[in-house]
$ cat input.txt   # compact mmCIF, C-alpha atoms
# COMPACT_ATOMS: atom_id res chain seq x y z
CA MET A 21 0.00 0.00 0.00
CA ASN A 22 1.20 3.51 -0.83
CA PRO A 23 2.51 5.21 2.37
CA GLN A 24 0.88 8.46 1.24
CA THR A 25 -2.48 6.72 1.13
CA THR A 26 -2.09 5.08 4.52
CA ALA A 27 -0.90 8.35 6.04
CA ASN A 28 -4.22 9.95 5.18
CA ALA A 29 -6.59 7.15 6.05
CA GLN A 30 -8.98 7.45 8.99
CA GLY A 31 -7.07 4.82 10.96
CA PRO A 32 -3.35 4.66 11.66
CA PRO A 33 -1.13 3.49 8.80
CA SER A 34 0.67 0.21 8.72
CA SER A 35 3.67 1.28 6.67
CA ARG A 36 6.88 3.27 7.09
CA PRO A 37 7.61 5.42 10.20
CA SER A 38 7.28 8.55 8.04
CA ALA A 39 3.70 7.51 7.16
CA TRP A 40 2.91 7.01 10.85
CA LEU A 41 4.18 10.49 11.65
CA SER A 42 2.25 12.04 8.76
CA TRP A 43 -0.92 10.40 10.05
CA LEU A 44 -0.16 11.61 13.59
CA TRP A 45 0.37 15.24 12.56
CA ARG A 46 -2.83 15.15 10.48
CA TRP A 47 -4.74 13.76 13.45
CA GLU A 48 -3.34 16.50 15.70
CA ALA A 49 -4.25 19.22 13.18
CA ARG A 50 -7.81 17.87 12.97
CA LEU A 51 -7.98 17.84 16.75
CA LYS A 52 -7.09 21.55 16.68
CA GLY A 53 -9.90 22.25 14.22
CA ALA A 54 -8.32 22.02 10.75
CA GLU A 55 -10.61 20.69 7.99
CA PHE A 56 -9.25 18.34 5.33
CA GLN A 57 -10.76 17.97 1.86
CA GLY A 58 -8.74 14.89 0.88
CA SER A 59 -5.22 13.54 1.26
CA CYS A 60 -2.48 15.59 2.92
CA ILE A 61 1.16 14.70 3.50
CA PHE A 62 3.04 16.02 6.54
CA GLU A 63 6.82 15.92 6.79
CA GLY A 64 7.60 17.33 10.19
CA ARG A 65 5.19 18.56 12.84
CA PRO A 66 3.43 21.83 11.94
CA LEU A 67 2.30 24.46 14.43
CA VAL A 68 -1.47 24.77 14.10
CA ARG A 69 -3.61 27.24 16.03
CA LYS A 70 -7.23 28.15 15.37
CA ALA A 71 -9.34 30.63 17.30
CA ARG A 72 -12.93 29.70 18.05
CA ASP A 73 -15.19 30.23 15.01
CA ALA A 74 -12.16 30.63 12.72
CA ARG A 75 -11.54 28.22 9.82
CA ILE A 76 -8.51 26.39 8.44
CA ARG A 77 -9.37 24.41 5.30
CA ILE A 78 -6.75 22.22 3.62
CA GLY A 79 -7.39 20.90 0.10
CA ASP A 80 -6.60 17.56 -1.46
CA GLY A 81 -2.96 16.70 -2.15
CA VAL A 82 -1.49 19.46 0.02
CA ARG A 83 2.05 18.89 1.36
CA ILE A 84 3.02 20.56 4.64
CA LEU A 85 6.75 20.27 5.21
CA LYS A 86 9.38 21.50 7.62
CA ALA A 87 12.23 23.51 6.13
CA ASP A 88 15.36 21.73 7.29
CA PHE A 89 16.91 20.54 4.03
CA ILE A 90 18.62 23.92 3.46
CA GLY A 91 19.64 24.39 7.07
CA LEU A 92 16.55 26.38 8.09
CA ALA A 93 15.08 24.40 10.97
CA GLN A 94 11.54 25.74 10.91
CA PRO A 95 8.12 24.07 10.94
CA SER A 96 5.19 25.27 8.87
CA VAL A 97 2.81 27.47 10.87
CA LEU A 98 -0.96 27.72 10.28
CA ASN A 99 -2.45 30.32 12.64
CA ALA A 100 -6.03 31.61 12.45
CA LEU A 101 -5.75 34.34 15.02
CA VAL A 102 -9.28 35.61 15.68
CA PRO A 103 -12.91 34.45 15.38
CA GLY A 104 -14.09 34.63 11.78
CA ALA A 105 -10.59 34.33 10.28
CA SER A 106 -10.38 32.02 7.26
CA LEU A 107 -7.30 30.22 5.91
CA GLU A 108 -8.06 28.48 2.60
CA ILE A 109 -5.34 26.24 1.15
CA GLU A 110 -6.39 24.78 -2.20
CA ARG A 111 -5.42 21.43 -3.72
CA GLY A 112 -1.81 20.61 -4.51
CA VAL A 113 -0.26 23.45 -2.49
CA THR A 114 3.17 22.88 -0.92
CA LEU A 115 4.24 24.67 2.25
CA CYS A 116 7.91 24.32 3.18
CA GLY A 117 8.46 25.87 6.59
CA ALA A 118 6.03 28.65 5.63
CA VAL A 119 4.23 30.87 8.14
CA LEU A 120 0.57 31.75 7.51
CA CYS A 121 -1.09 34.09 10.03
CA VAL A 122 -4.65 35.20 9.25
CA SER A 123 -7.13 37.58 10.86
CA THR A 124 -9.42 38.10 7.84
CA VAL A 125 -8.84 35.85 4.80
CA ILE A 126 -5.77 34.22 3.30
CA ALA A 127 -6.62 32.19 0.19
CA ILE A 128 -3.91 30.20 -1.62
CA GLY A 129 -4.68 28.84 -5.09
CA PRO A 130 -4.04 25.34 -6.46
CA GLY A 131 -0.49 24.19 -7.09
CA THR A 132 1.18 27.13 -5.37
CA VAL A 133 4.52 26.60 -3.58
CA LEU A 134 5.61 28.60 -0.54
CA GLY A 135 9.34 28.23 0.02
CA ALA A 136 11.44 27.85 3.14
CA GLY A 137 10.81 30.54 5.73
CA SER A 138 8.31 32.48 3.61
CA MET A 139 5.57 34.40 5.46
CA VAL A 140 2.02 35.46 4.56
CA LEU A 141 0.66 37.97 7.10
CA ASP A 142 -2.67 39.75 6.69
CA ASN A 143 -2.35 41.97 9.79
CA ASP A 144 0.09 44.10 11.78
CA PHE A 145 -0.17 42.14 15.07
CA HIS A 146 0.10 45.38 17.09
CA ALA A 147 -1.34 48.90 17.09
CA PRO A 148 -0.20 52.12 18.83
CA ALA A 149 -1.70 52.57 22.30
CA GLY A 150 -1.20 56.00 23.76
CA GLU A 151 1.95 57.98 23.16
CA TRP A 152 4.57 55.34 23.88
CA ASP A 153 2.90 51.96 24.12
CA TRP A 154 1.68 49.23 21.78
CA SER A 155 -1.33 46.95 22.10
CA GLU A 156 -1.84 43.47 20.69
CA ASP A 157 -4.23 44.00 17.79
CA PHE A 158 -4.77 41.34 15.12
CA LYS A 159 -7.89 42.81 13.53
CA THR A 160 -8.06 46.61 13.20
CA HIS A 161 -5.82 47.06 10.15
CA ALA A 162 -6.03 43.52 8.75
CA ARG A 163 -6.79 43.10 5.03
CA PRO A 164 -7.33 39.89 3.00
CA ILE A 165 -4.60 38.26 0.92
CA HIS A 166 -5.33 36.25 -2.23
CA ILE A 167 -2.62 34.19 -3.92
CA GLY A 168 -3.43 32.70 -7.32
CA ARG A 169 -2.74 29.28 -8.77
CA GLU A 170 0.75 27.93 -9.60
CA VAL A 171 2.49 30.81 -7.80
CA VAL A 172 6.04 30.31 -6.48
CA VAL A 173 6.98 32.21 -3.32
CA GLY A 174 10.73 32.05 -2.73
CA ALA A 175 12.58 31.37 0.50
CA LYS A 176 12.11 34.04 3.18
CA ALA A 177 9.84 36.15 0.99
CA ILE A 178 7.06 38.03 2.82
CA ILE A 179 3.56 38.82 1.54
CA LEU A 180 1.87 41.55 3.57
CA LYS A 181 -1.75 42.53 4.20
CA GLY A 182 -4.06 43.42 1.33
CA VAL A 183 -1.84 41.97 -1.42
CA ASN A 184 -3.20 39.98 -4.35
CA ILE A 185 -0.80 37.72 -6.27
CA GLY A 186 -1.83 36.73 -9.80
CA ASP A 187 -1.60 33.24 -11.31
CA ALA A 188 1.86 31.88 -12.14
CA ALA A 189 3.64 34.82 -10.52
CA LEU A 190 7.07 34.44 -8.94
CA ILE A 191 7.96 36.16 -5.67
CA GLU A 192 11.74 36.04 -5.51
CA PRO A 193 13.59 34.92 -2.36
CA GLY A 194 13.71 37.66 0.26
CA ALA A 195 11.20 39.91 -1.53
CA VAL A 196 8.65 41.85 0.52
CA ALA A 197 5.36 42.18 -1.38
CA THR A 198 3.46 45.26 -0.18
CA ARG A 199 1.33 45.73 -3.31
CA ASP A 200 -0.41 43.54 -5.88
CA VAL A 201 1.65 41.38 -8.25
CA PRO A 202 -0.02 40.74 -11.64
CA ALA A 203 -0.29 37.28 -13.16
CA ARG A 204 2.92 35.96 -14.76
CA HIS A 205 5.06 38.71 -13.22
CA ILE A 206 8.18 38.52 -11.09
CA ALA A 207 8.38 40.52 -7.85
CA ARG A 208 11.81 41.25 -6.36
CA GLY A 209 13.28 43.55 -3.74
CA ASN A 210 12.07 45.35 -0.60
CA PRO A 211 9.55 46.73 -1.21
CA ALA A 212 9.00 44.38 -4.12
CA VAL A 213 8.81 45.76 -7.65
CA SER A 214 7.05 43.71 -10.33
CA GLU A 215 7.99 43.14 -13.96
CA ALA A 216 6.58 40.84 -16.61
CA ARG A 217 8.22 37.45 -16.82
CA ALA A 218 9.89 36.60 -20.10
CA ALA A 219 7.99 33.99 -22.10
CA ASN A 220 10.85 31.50 -21.87
CA GLU A 221 11.81 32.23 -18.25
CA ASP A 222 11.88 29.35 -15.80
CA ARG A 223 9.62 29.90 -12.79
CA GLY A 224 11.56 27.79 -10.44

$ encode --input "input.txt" --output "structure tokens"
Amino acid sequence: MNPQTTANAQGPPSSRPSAWLSWLWRWEARLKGAEFQGSCIFEGRPLVRKARDARIRIGDGVRILKADFIGLAQPSVLNALVPGASLEIERGVTLCGAVLCVSTVIAIGPGTVLGAGSMVLDNDFHAPAGEWDWSEDFKTHARPIHIGREVVVGAKAIILKGVNIGDAALIEPGAVATRDVPARHIARGNPAVSEARAANEDRG
């Protein structure tokens, strides 16, 4: 039997240790409130947190990995911070030590890859309080993020609140996306600047 199949069955798998662990991390994520729409492979234990009445939905064929193969020892993080937050991960997405923190909506299209240490953050986490202080605030200035299908987000790239990423775009490693990136464009730099991708340019 295929270890990937056994890892996503309702009961524990009877195959390799890696399949057992994948099943265990899926079970733990479900216990914390994540919804699964089909198979999902885990390599490494993710950090999953979901506020009451928030939603984390994971599509079929998603792979949730830890980023240790390039020396970045970091789990993937799925964090729905407040009631009503919605994290939508469509089929065939790969997360490799990626951090997703949502207060409104983060939607990731089919086949998208988020590289090692990349972050998608739809809020500021804090807001000014008085003249010198800061308060914890996940909601006030939060804005939805939509990432299209077959997007590649490079290692340690950051996508900030309110940004829309078009289909087949490439966010280069280390880029900080503060504004929309059109379909089939490359975004590089901090803040990221977009340019059309050459017809023969390799996305990956």

$ atom_distance --input "input.txt" --atom1 "CA of Ala189 (chain A)" --atom2 "CA of Val133 (chain A)"
10.8 Å

$ residues_around --input "input.txt" --residues "Arg77 (chain A)" --least-positions-apart "2" --cutoff "9 Å" --atoms "only C-alpha atoms" --output "PyMOL selection string"
chain A and resi 54-57+75+79+106-110

$ residues_around --input "input.txt" --residues "Ile179 (chain A)" --least-positions-apart "6" --cutoff "7 Å" --atoms "all atoms listed in the file" --output "ChimeraX atom specification"
/A:139-141,196-198

$ residues_near_point --input "input.txt" --point "(-2.8, 45.6, -3.1)" --cutoff "7 Å" --atoms "only C-alpha atoms" --output "list in words"
Gly182, Val183, Asn184, Thr198, Arg199 and Asp200 of chain A

$ residues_around --input "input.txt" --residues "region 167-177 of chain A" --least-positions-apart "3" --cutoff "9 Å" --atoms "all atoms listed in the file" --output "VMD selection string"
chain A and resid 110 113 116 118 126 to 140 183 to 197 203 to 204 223 to 224

$ decode --input "input.txt" --residues "region 130-177 of chain A" --atoms "N, CA and C atoms" --output "compact mmCIF listing (two decimals), in the first residue's frame"
# COMPACT_ATOMS: atom_id res chain seq x y z
N PRO A 130 -4.57 26.68 -6.19
CA PRO A 130 -4.04 25.34 -6.46
C PRO A 130 -2.63 25.36 -7.01
N GLY A 131 -1.82 24.39 -6.54
CA GLY A 131 -0.49 24.19 -7.09
C GLY A 131 0.56 25.20 -6.69
N THR A 132 0.23 26.11 -5.80
CA THR A 132 1.18 27.13 -5.37
C THR A 132 2.21 26.52 -4.41
N VAL A 133 3.43 27.05 -4.45
CA VAL A 133 4.52 26.60 -3.58
C VAL A 133 5.00 27.78 -2.75
N LEU A 134 5.05 27.60 -1.44
CA LEU A 134 5.61 28.60 -0.54
C LEU A 134 6.91 28.05 0.03
N GLY A 135 8.01 28.73 -0.30
CA GLY A 135 9.34 28.23 0.02
C GLY A 135 9.74 28.41 1.47
N ALA A 136 10.95 27.93 1.77
CA ALA A 136 11.44 27.85 3.14
C ALA A 136 11.46 29.22 3.81
N GLY A 137 10.78 29.32 4.95
CA GLY A 137 10.81 30.54 5.73
C GLY A 137 9.98 31.67 5.18
N SER A 138 9.18 31.43 4.14
CA SER A 138 8.31 32.48 3.61
C SER A 138 7.18 32.76 4.60
N MET A 139 6.62 33.98 4.52
CA MET A 139 5.57 34.40 5.46
C MET A 139 4.45 35.09 4.70
N VAL A 140 3.20 34.80 5.10
CA VAL A 140 2.02 35.46 4.56
C VAL A 140 1.24 35.99 5.76
N LEU A 141 1.17 37.32 5.88
CA LEU A 141 0.66 37.97 7.10
C LEU A 141 -0.38 39.01 6.71
N ASP A 142 -1.62 38.82 7.10
CA ASP A 142 -2.67 39.75 6.69
C ASP A 142 -2.97 40.84 7.73
N ASN A 143 -2.12 40.98 8.74
CA ASN A 143 -2.35 41.97 9.79
C ASN A 143 -1.03 42.47 10.35
N ASP A 144 -1.12 43.48 11.22
CA ASP A 144 0.09 44.10 11.78
C ASP A 144 0.47 43.55 13.14
N PHE A 145 -0.39 42.75 13.75
CA PHE A 145 -0.17 42.14 15.07
C PHE A 145 -0.26 43.13 16.23
N HIS A 146 0.13 44.38 16.03
CA HIS A 146 0.10 45.38 17.09
C HIS A 146 -0.42 46.71 16.54
N ALA A 147 -0.89 47.55 17.45
CA ALA A 147 -1.34 48.90 17.09
C ALA A 147 -0.87 49.86 18.17
N PRO A 148 -0.62 51.14 17.82
CA PRO A 148 -0.20 52.12 18.83
C PRO A 148 -1.26 52.26 19.92
N ALA A 149 -0.81 52.36 21.16
CA ALA A 149 -1.70 52.57 22.30
C ALA A 149 -1.13 53.70 23.15
N GLY A 150 -1.74 54.85 23.06
CA GLY A 150 -1.20 56.00 23.76
C GLY A 150 0.03 56.54 23.05
N GLU A 151 0.81 57.31 23.78
CA GLU A 151 1.95 57.98 23.16
C GLU A 151 3.15 57.07 22.97
N TRP A 152 3.34 56.13 23.91
CA TRP A 152 4.57 55.34 23.88
C TRP A 152 4.35 53.84 23.86
N ASP A 153 3.15 53.39 23.93
CA ASP A 153 2.90 51.96 24.12
C ASP A 153 2.32 51.34 22.86
N TRP A 154 2.28 50.01 22.87
CA TRP A 154 1.68 49.23 21.78
C TRP A 154 0.72 48.22 22.38
N SER A 155 -0.37 47.97 21.67
CA SER A 155 -1.33 46.95 22.10
C SER A 155 -1.31 45.80 21.11
N GLU A 156 -1.67 44.62 21.58
CA GLU A 156 -1.84 43.47 20.69
C GLU A 156 -3.13 43.64 19.93
N ASP A 157 -3.05 43.71 18.61
CA ASP A 157 -4.23 44.00 17.79
C ASP A 157 -4.08 43.25 16.47
N PHE A 158 -4.84 42.16 16.32
CA PHE A 158 -4.77 41.34 15.12
C PHE A 158 -5.79 41.76 14.05
N LYS A 159 -6.72 42.63 14.39
CA LYS A 159 -7.89 42.81 13.53
C LYS A 159 -8.02 44.19 12.89
N THR A 160 -7.68 45.26 13.62
CA THR A 160 -8.06 46.61 13.20
C THR A 160 -7.61 46.94 11.78
N HIS A 161 -6.36 46.68 11.46
CA HIS A 161 -5.82 47.06 10.15
C HIS A 161 -5.62 45.87 9.23
N ALA A 162 -6.19 44.73 9.57
CA ALA A 162 -6.03 43.52 8.75
C ALA A 162 -6.76 43.67 7.42
N ARG A 163 -6.16 43.10 6.36
CA ARG A 163 -6.79 43.10 5.03
C ARG A 163 -6.52 41.76 4.36
N PRO A 164 -7.48 41.23 3.59
CA PRO A 164 -7.33 39.89 3.00
C PRO A 164 -6.17 39.79 2.01
N ILE A 165 -5.65 38.59 1.89
CA ILE A 165 -4.60 38.26 0.92
C ILE A 165 -5.11 37.13 0.03
N HIS A 166 -4.97 37.30 -1.29
CA HIS A 166 -5.33 36.25 -2.23
C HIS A 166 -4.13 35.93 -3.11
N ILE A 167 -3.75 34.67 -3.12
CA ILE A 167 -2.62 34.19 -3.92
C ILE A 167 -3.19 33.24 -4.96
N GLY A 168 -2.85 33.47 -6.22
CA GLY A 168 -3.43 32.70 -7.32
C GLY A 168 -2.89 31.28 -7.42
N ARG A 169 -3.15 30.65 -8.55
CA ARG A 169 -2.74 29.28 -8.77
C ARG A 169 -1.34 29.25 -9.38
N GLU A 170 -0.58 28.18 -9.03
CA GLU A 170 0.75 27.93 -9.60
C GLU A 170 1.72 29.10 -9.35
N VAL A 171 1.56 29.75 -8.21
CA VAL A 171 2.49 30.81 -7.80
C VAL A 171 3.67 30.16 -7.09
N VAL A 172 4.87 30.75 -7.23
CA VAL A 172 6.04 30.31 -6.48
C VAL A 172 6.49 31.47 -5.59
N VAL A 173 6.52 31.22 -4.30
CA VAL A 173 6.98 32.21 -3.32
C VAL A 173 8.32 31.72 -2.79
N GLY A 174 9.38 32.48 -3.06
CA GLY A 174 10.73 32.05 -2.73
C GLY A 174 11.02 32.06 -1.25
N ALA A 175 12.16 31.47 -0.90
CA ALA A 175 12.58 31.37 0.50
C ALA A 175 12.66 32.75 1.15
N LYS A 176 12.09 32.84 2.33
CA LYS A 176 12.11 34.04 3.18
C LYS A 176 11.44 35.26 2.55
N ALA A 177 10.66 35.06 1.51
CA ALA A 177 9.84 36.15 0.99
C ALA A 177 8.67 36.40 1.94
